[in-house]
Amino acid sequence: MAATAVPEHVERIVVEHCAIATVDADDTEYASGHVVVAGNRIESVGAGRAPGGLANVVRRIDGTGHLVTPGLVNTHHHFYQWITRGLATDHNLFDWLVALYPTWARIDEPMVRAAARGSLAMMARGGVTTAMDHHYVYPRGAGDLSGAIIGAARDMGVRFTLARGSMDRGETDGGLPPDFAVETLDGALAATEATVDAHHDPSFDAMTRIAVAPCSPFSISTQLLREGAELARRKGVRLHTHGSETVEEEKFCHELFGMGPTDYFASTGWLGDDVWMAHCVHMNDSDIAAFARTGTGVAHCPSSNARLAAGIARVPDMLAAGVPVGLGVDGTASNESGELHTELRNALLVNRLGTHREKALNARQALRLATHGGARVLGRADEIGSLEPGKLADLVLWNMDTLAHASIADPVTALVLGAAAPVTLSLVDGRPVVEDGRLITADEDAVARATRDEARRLARIAAGA
């Protein structure tokens, strides 16, 4: 790929002698090639060594035995759940929510900050360069939870979207969460708008963006959905929610609204190319066609779907129809690993258990879901998600010369189907976040201690409630 024009004074990082999977429109790959980063942009990608005569090269890396890919993009998560991992391990979604909401309703700002740092650290050290968090639990008097999450992402150096969630249907109104864990309609809308105004950056190289994200049909009012969509479009930000996750949700929507989830979302303004939904497991042909027609995206979370016995999403059919699909870790109370490599592998394996069997997905399609697919779902495919000149320098150098990978000839197959590969270098916006498998933007041991302490504090508070 041709080099893009960059001012000569900009500092450059050069990676050479590495395998490269660009995940561009043609799935261009190089068995041995180079990537040149200039400032926060990719300057050139190609076969062989980097061009000669480059000015201001501050670092030159021999990538022998490595694979370079775009940074991984996580499209659905709940960071706060990091401090409630390992609970309700044999429950379906509704029973799991009922079991955990009383604990979640007692989170506060220090807990959320620690949980966000733990979630981000685990993802970043595993190759995630763009993360998102769908935070929807705002107990009264809990502090500045959105600010804590955004601050944690900023400190970790990861590109980030906060999907500012909300719930206004508590137990008294037939919802699942306790009444004191939900907001009023007006309060939720006002707080969401204030978060957009304070933190959303629409620029090309933005590190922080905000989405409007009421939680799910069974914890929000129809009015919150409608007015949330109006708010998002007035502010020019994206929309996110949970959709079609379980058969119980399908039944709930038919009983309460007289229609299935997709038709309900359509009736409230929640289909469109500025919308993405988590899970979408129980989709019929008409639902998939509606998503494809409107450009509505999907965050596929195979580990969480299996953990909660939700089912197998029809990802091959979605992709064939043209639906934008990315991968999501989902909250670590339903995916205790907390990292995205598991989702590449499980997306491929779980979908092969479905009707398409061995033709469901291949390794390169799984990698595309985790990179370009995720960027498309977040509305950032022009900026990230593939290695192309002019795009932002979010990339990962994976060490494939290990016991776990060395006998697999194809590096992409090794990355997707093999054990989690060590990250030798991860760049976000051209800046190192991971070096030789360790975070350099945070003390991993300190993060672990803080999350353990806050998990214990939350357990004590919940037990005494």
# chains A, B, ... in the order shown; residues from 1 in each chain; ligands from 1
>>> closest_atom_pairs(of="region 237-321 of chain A", to="region 197-209 of chain A", cutoff="12 Å", atoms="only C-alpha atoms", output="Markdown table")
| residue | atom | partner | partner_atom | distance |
| --- | --- | --- | --- | --- |
| A:Val237 | CA | A:Arg209 | CA | 8.2 |
| A:Arg238 | CA | A:Arg209 | CA | 9.2 |
| A:Leu239 | CA | A:Arg209 | CA | 11.7 |
>>> residues_around(residues="Ser267 (chain A)", least_positions_apart="5", cutoff="12 Å", atoms="only C-alpha atoms", output="list in words")
Thr222, Gln223, Leu225, Arg226, Ala229, Phe257, Gly258, Met259, Gly260, Pro261, Thr262 and Gly272 of chain A
>>> residues_around(residues="Ala381 (chain A)", least_positions_apart="5", cutoff="10 Å", atoms="only C-alpha atoms", output="PyMOL selection string")
chain A and resi 371-376+386+391
>>> select_by_dssp(residues="region 128-250 of chain A", states="alpha helix (DSSP H)", output="PyMOL selection string")
chain A and resi 145-156+185-199+222-235+247-250
>>> write_last_selection(atoms="N, CA and C atoms", output="tab-separated table (two decimals), in the first residue's frame")
chain	number	residue	atom	x	y	z
A	145	LEU	N	-20.23	8.23	38.16
A	145	LEU	CA	-19.85	6.94	37.60
A	145	LEU	C	-19.34	7.07	36.17
A	146	SER	N	-20.00	7.87	35.35
A	146	SER	CA	-19.54	8.05	33.97
A	146	SER	C	-18.15	8.67	33.95
A	147	GLY	N	-17.93	9.67	34.77
A	147	GLY	CA	-16.62	10.31	34.83
A	147	GLY	C	-15.54	9.34	35.26
A	148	ALA	N	-15.86	8.45	36.20
A	148	ALA	CA	-14.89	7.47	36.66
A	148	ALA	C	-14.49	6.52	35.54
A	149	ILE	N	-15.47	6.09	34.76
A	149	ILE	CA	-15.19	5.15	33.66
A	149	ILE	C	-14.37	5.83	32.58
A	150	ILE	N	-14.78	7.02	32.18
A	150	ILE	CA	-14.06	7.76	31.13
A	150	ILE	C	-12.64	8.05	31.58
A	151	GLY	N	-12.47	8.43	32.84
A	151	GLY	CA	-11.13	8.70	33.36
A	151	GLY	C	-10.26	7.47	33.35
A	152	ALA	N	-10.83	6.31	33.68
A	152	ALA	CA	-10.05	5.07	33.66
A	152	ALA	C	-9.56	4.75	32.25
A	153	ALA	N	-10.42	4.93	31.25
A	153	ALA	CA	-10.02	4.68	29.86
A	153	ALA	C	-8.94	5.65	29.42
A	154	ARG	N	-9.09	6.91	29.80
A	154	ARG	CA	-8.08	7.91	29.44
A	154	ARG	C	-6.73	7.56	30.06
A	155	ASP	N	-6.73	7.17	31.32
A	155	ASP	CA	-5.47	6.82	31.97
A	155	ASP	C	-4.84	5.58	31.37
A	156	MET	N	-5.67	4.62	30.92
A	156	MET	CA	-5.15	3.39	30.35
A	156	MET	C	-4.63	3.62	28.93
A	185	LEU	N	-37.38	9.04	34.13
A	185	LEU	CA	-37.26	9.32	32.70
A	185	LEU	C	-36.51	10.62	32.45
A	186	ASP	N	-36.97	11.69	33.08
A	186	ASP	CA	-36.35	12.99	32.84
A	186	ASP	C	-34.92	13.02	33.37
A	187	GLY	N	-34.68	12.37	34.50
A	187	GLY	CA	-33.33	12.34	35.05
A	187	GLY	C	-32.36	11.60	34.16
A	188	ALA	N	-32.79	10.47	33.61
A	188	ALA	CA	-31.93	9.69	32.73
A	188	ALA	C	-31.58	10.46	31.46
A	189	LEU	N	-32.58	11.08	30.86
A	189	LEU	CA	-32.35	11.85	29.63
A	189	LEU	C	-31.44	13.04	29.88
A	190	ALA	N	-31.67	13.74	31.00
A	190	ALA	CA	-30.84	14.91	31.31
A	190	ALA	C	-29.40	14.51	31.58
A	191	ALA	N	-29.21	13.42	32.34
A	191	ALA	CA	-27.84	12.97	32.66
A	191	ALA	C	-27.13	12.48	31.41
A	192	THR	N	-27.85	11.81	30.52
A	192	THR	CA	-27.25	11.34	29.28
A	192	THR	C	-26.82	12.52	28.41
A	193	GLU	N	-27.69	13.50	28.27
A	193	GLU	CA	-27.34	14.67	27.47
A	193	GLU	C	-26.15	15.40	28.06
A	194	ALA	N	-26.09	15.51	29.38
A	194	ALA	CA	-24.96	16.18	30.02
A	194	ALA	C	-23.66	15.41	29.77
A	195	THR	N	-23.72	14.09	29.73
A	195	THR	CA	-22.54	13.28	29.46
A	195	THR	C	-22.05	13.50	28.03
A	196	VAL	N	-22.98	13.54	27.08
A	196	VAL	CA	-22.62	13.83	25.69
A	196	VAL	C	-21.94	15.19	25.61
A	197	ASP	N	-22.56	16.20	26.21
A	197	ASP	CA	-22.04	17.57	26.12
A	197	ASP	C	-20.65	17.68	26.74
A	198	ALA	N	-20.41	16.94	27.81
A	198	ALA	CA	-19.14	17.06	28.53
A	198	ALA	C	-18.01	16.26	27.90
A	199	HIS	N	-18.33	15.13	27.24
A	199	HIS	CA	-17.27	14.19	26.91
A	199	HIS	C	-17.19	13.76	25.44
A	222	THR	N	-41.06	2.56	27.13
A	222	THR	CA	-41.10	2.89	25.71
A	222	THR	C	-40.77	4.35	25.49
A	223	GLN	N	-41.18	5.21	26.40
A	223	GLN	CA	-40.90	6.64	26.26
A	223	GLN	C	-39.40	6.92	26.34
A	224	LEU	N	-38.69	6.19	27.22
A	224	LEU	CA	-37.24	6.38	27.31
A	224	LEU	C	-36.56	5.95	26.01
A	225	LEU	N	-37.03	4.87	25.41
A	225	LEU	CA	-36.47	4.46	24.11
A	225	LEU	C	-36.70	5.55	23.06
A	226	ARG	N	-37.94	6.00	22.94
A	226	ARG	CA	-38.27	6.99	21.91
A	226	ARG	C	-37.49	8.30	22.12
A	227	GLU	N	-37.53	8.80	23.34
A	227	GLU	CA	-36.87	10.07	23.59
A	227	GLU	C	-35.34	9.93	23.59
A	228	GLY	N	-34.86	8.74	23.93
A	228	GLY	CA	-33.43	8.50	23.83
A	228	GLY	C	-32.95	8.55	22.39
A	229	ALA	N	-33.73	7.96	21.48
A	229	ALA	CA	-33.39	8.01	20.06
A	229	ALA	C	-33.41	9.44	19.55
A	230	GLU	N	-34.41	10.19	19.95
A	230	GLU	CA	-34.49	11.59	19.53
A	230	GLU	C	-33.29	12.39	20.05
A	231	LEU	N	-32.91	12.13	21.30
A	231	LEU	CA	-31.75	12.81	21.89
A	231	LEU	C	-30.48	12.49	21.12
A	232	ALA	N	-30.26	11.20	20.84
A	232	ALA	CA	-29.04	10.80	20.14
A	232	ALA	C	-28.94	11.46	18.78
A	233	ARG	N	-30.03	11.51	18.06
A	233	ARG	CA	-29.97	12.07	16.70
A	233	ARG	C	-29.88	13.59	16.73
A	234	ARG	N	-30.44	14.18	17.74
A	234	ARG	CA	-30.28	15.64	17.89
A	234	ARG	C	-28.83	15.99	18.19
A	235	LYS	N	-28.16	15.12	18.95
A	235	LYS	CA	-26.76	15.37	19.34
A	235	LYS	C	-25.75	14.79	18.35
A	247	VAL	N	-35.03	-16.22	24.57
A	247	VAL	CA	-36.43	-16.53	24.23
A	247	VAL	C	-37.37	-15.86	25.23
A	248	GLU	N	-36.91	-15.68	26.47
A	248	GLU	CA	-37.74	-15.01	27.47
A	248	GLU	C	-38.00	-13.56	27.08
A	249	GLU	N	-36.99	-12.90	26.50
A	249	GLU	CA	-37.18	-11.53	26.04
A	249	GLU	C	-38.19	-11.48	24.90
A	250	GLU	N	-38.11	-12.43	24.00
A	250	GLU	CA	-39.08	-12.51	22.89
A	250	GLU	C	-40.50	-12.61	23.45
>>> residues_around(residues="Asp90 (chain A)", least_positions_apart="5", cutoff="9 Å", atoms="only C-alpha atoms", output="count of residues only")
3
>>> atom_distance(atom1="CA of Val98 (chain A)", atom2="CA of Gly243 (chain A)")
18.3 Å
>>> atom_distance(atom1="CA of Asp287 (chain A)", atom2="CA of Phe94 (chain A)")
22.5 Å
>>> closest_residue(among="A:Ala421, A:Ala38, A:Val412, A:Ala370", to="Asn346 (chain A)", atoms="only C-alpha atoms")
A:Ala370
>>> closest_residue(among="A:Val323, A:Ala309, A:Val37, A:Ile384", to="Asp24 (chain A)", atoms="only C-alpha atoms")
A:Ile384
>>> residues_around(residues="Gly295 (chain A)", least_positions_apart="5", cutoff="9 Å", atoms="only C-alpha atoms", output="PyMOL selection string")
chain A and resi 271-276+290+322-324
>>> residues_around(residues="region 75-78 of chain A", least_positions_apart="5", cutoff="7 Å", atoms="only C-alpha atoms", output="number ranges by chain")
A: 131-135, 278, 299, 326-331, 374, 378
>>> atom_distance(atom1="CA of Leu439 (chain A)", atom2="CA of Met111 (chain A)")
21.2 Å
>>> residues_around(residues="Ala105 (chain A)", least_positions_apart="6", cutoff="9 Å", atoms="only C-alpha atoms", output="number ranges by chain")
A: 137-139, 177-178, 180-182, 462
>>> select_by_dssp(residues="region 59-162 of chain A", states="strand (DSSP E or B)", output="PyMOL selection string")
chain A and resi 59-62+66-70+72-74+128-135+159-162
>>> decode(residues="region 89-118 of chain A", atoms="N, CA, C and O atoms", output="tab-separated table (two decimals), in the first residue's frame")
chain	number	residue	atom	x	y	z
A	89	THR	N	-23.41	-18.73	38.54
A	89	THR	CA	-22.76	-19.35	37.39
A	89	THR	C	-23.64	-20.36	36.65
A	89	THR	O	-23.25	-20.82	35.57
A	90	ASP	N	-24.79	-20.71	37.21
A	90	ASP	CA	-25.64	-21.73	36.58
A	90	ASP	C	-27.05	-21.20	36.34
A	90	ASP	O	-28.04	-21.92	36.50
A	91	HIS	N	-27.14	-19.92	35.93
A	91	HIS	CA	-28.42	-19.26	35.75
A	91	HIS	C	-28.63	-18.86	34.29
A	91	HIS	O	-27.65	-18.59	33.57
A	92	ASN	N	-29.90	-18.78	33.88
A	92	ASN	CA	-30.20	-18.14	32.60
A	92	ASN	C	-30.24	-16.63	32.82
A	92	ASN	O	-30.10	-16.14	33.95
A	93	LEU	N	-30.45	-15.87	31.75
A	93	LEU	CA	-30.31	-14.41	31.84
A	93	LEU	C	-31.22	-13.79	32.90
A	93	LEU	O	-30.76	-13.04	33.76
A	94	PHE	N	-32.52	-14.08	32.85
A	94	PHE	CA	-33.44	-13.41	33.77
A	94	PHE	C	-33.13	-13.78	35.22
A	94	PHE	O	-33.11	-12.92	36.11
A	95	ASP	N	-32.86	-15.07	35.50
A	95	ASP	CA	-32.54	-15.49	36.86
A	95	ASP	C	-31.21	-14.88	37.32
A	95	ASP	O	-31.04	-14.52	38.48
A	96	TRP	N	-30.28	-14.79	36.39
A	96	TRP	CA	-28.96	-14.18	36.68
A	96	TRP	C	-29.12	-12.71	37.04
A	96	TRP	O	-28.53	-12.22	38.01
A	97	LEU	N	-29.94	-12.00	36.28
A	97	LEU	CA	-30.18	-10.58	36.58
A	97	LEU	C	-30.85	-10.41	37.94
A	97	LEU	O	-30.46	-9.55	38.74
A	98	VAL	N	-31.87	-11.23	38.22
A	98	VAL	CA	-32.56	-11.13	39.50
A	98	VAL	C	-31.59	-11.41	40.65
A	98	VAL	O	-31.64	-10.76	41.70
A	99	ALA	N	-30.67	-12.38	40.45
A	99	ALA	CA	-29.71	-12.72	41.50
A	99	ALA	C	-28.70	-11.61	41.75
A	99	ALA	O	-28.27	-11.39	42.89
A	100	LEU	N	-28.31	-10.88	40.69
A	100	LEU	CA	-27.20	-9.93	40.82
A	100	LEU	C	-27.62	-8.47	40.94
A	100	LEU	O	-26.83	-7.66	41.46
A	101	TYR	N	-28.81	-8.10	40.51
A	101	TYR	CA	-29.21	-6.70	40.60
A	101	TYR	C	-29.13	-6.14	42.03
A	101	TYR	O	-28.71	-4.99	42.24
A	102	PRO	N	-29.53	-6.91	43.07
A	102	PRO	CA	-29.42	-6.35	44.42
A	102	PRO	C	-27.99	-5.99	44.81
A	102	PRO	O	-27.78	-5.03	45.57
A	103	THR	N	-27.01	-6.71	44.28
A	103	THR	CA	-25.61	-6.37	44.53
A	103	THR	C	-25.18	-5.20	43.66
A	103	THR	O	-24.58	-4.23	44.14
A	104	TRP	N	-25.49	-5.25	42.36
A	104	TRP	CA	-25.10	-4.18	41.45
A	104	TRP	C	-25.68	-2.83	41.87
A	104	TRP	O	-25.06	-1.78	41.65
A	105	ALA	N	-26.85	-2.86	42.49
A	105	ALA	CA	-27.51	-1.62	42.87
A	105	ALA	C	-26.79	-0.88	43.99
A	105	ALA	O	-27.18	0.23	44.35
A	106	ARG	N	-25.71	-1.47	44.53
A	106	ARG	CA	-24.97	-0.86	45.62
A	106	ARG	C	-23.56	-0.44	45.20
A	106	ARG	O	-22.71	-0.15	46.04
A	107	ILE	N	-23.30	-0.38	43.90
A	107	ILE	CA	-22.00	0.09	43.45
A	107	ILE	C	-21.86	1.59	43.69
A	107	ILE	O	-22.85	2.32	43.75
A	108	ASP	N	-20.61	2.04	43.83
A	108	ASP	CA	-20.35	3.46	43.97
A	108	ASP	C	-19.14	3.84	43.11
A	108	ASP	O	-18.57	2.98	42.42
A	109	GLU	N	-18.77	5.09	43.15
A	109	GLU	CA	-17.73	5.60	42.25
A	109	GLU	C	-16.40	4.88	42.41
A	109	GLU	O	-15.79	4.48	41.39
A	110	PRO	N	-15.85	4.68	43.63
A	110	PRO	CA	-14.58	3.95	43.73
A	110	PRO	C	-14.67	2.53	43.18
A	110	PRO	O	-13.71	2.04	42.56
A	111	MET	N	-15.78	1.86	43.43
A	111	MET	CA	-15.95	0.51	42.89
A	111	MET	C	-15.94	0.52	41.36
A	111	MET	O	-15.27	-0.30	40.72
A	112	VAL	N	-16.68	1.45	40.79
A	112	VAL	CA	-16.77	1.52	39.32
A	112	VAL	C	-15.43	1.89	38.71
A	112	VAL	O	-15.03	1.34	37.67
A	113	ARG	N	-14.70	2.79	39.35
A	113	ARG	CA	-13.38	3.16	38.83
A	113	ARG	C	-12.44	1.94	38.84
A	113	ARG	O	-11.76	1.67	37.84
A	114	ALA	N	-12.41	1.21	39.94
A	114	ALA	CA	-11.55	0.03	40.03
A	114	ALA	C	-11.96	-1.03	39.02
A	114	ALA	O	-11.11	-1.65	38.36
A	115	ALA	N	-13.27	-1.26	38.89
A	115	ALA	CA	-13.75	-2.26	37.96
A	115	ALA	C	-13.44	-1.88	36.52
A	115	ALA	O	-13.07	-2.74	35.70
A	116	ALA	N	-13.57	-0.59	36.20
A	116	ALA	CA	-13.24	-0.14	34.85
A	116	ALA	C	-11.76	-0.35	34.56
A	116	ALA	O	-11.38	-0.79	33.46
A	117	ARG	N	-10.91	-0.04	35.52
A	117	ARG	CA	-9.47	-0.23	35.31
A	117	ARG	C	-9.14	-1.71	35.13
A	117	ARG	O	-8.32	-2.08	34.29
A	118	GLY	N	-9.79	-2.58	35.91
A	118	GLY	CA	-9.55	-4.02	35.74
A	118	GLY	C	-10.00	-4.51	34.38
A	118	GLY	O	-9.28	-5.25	33.69
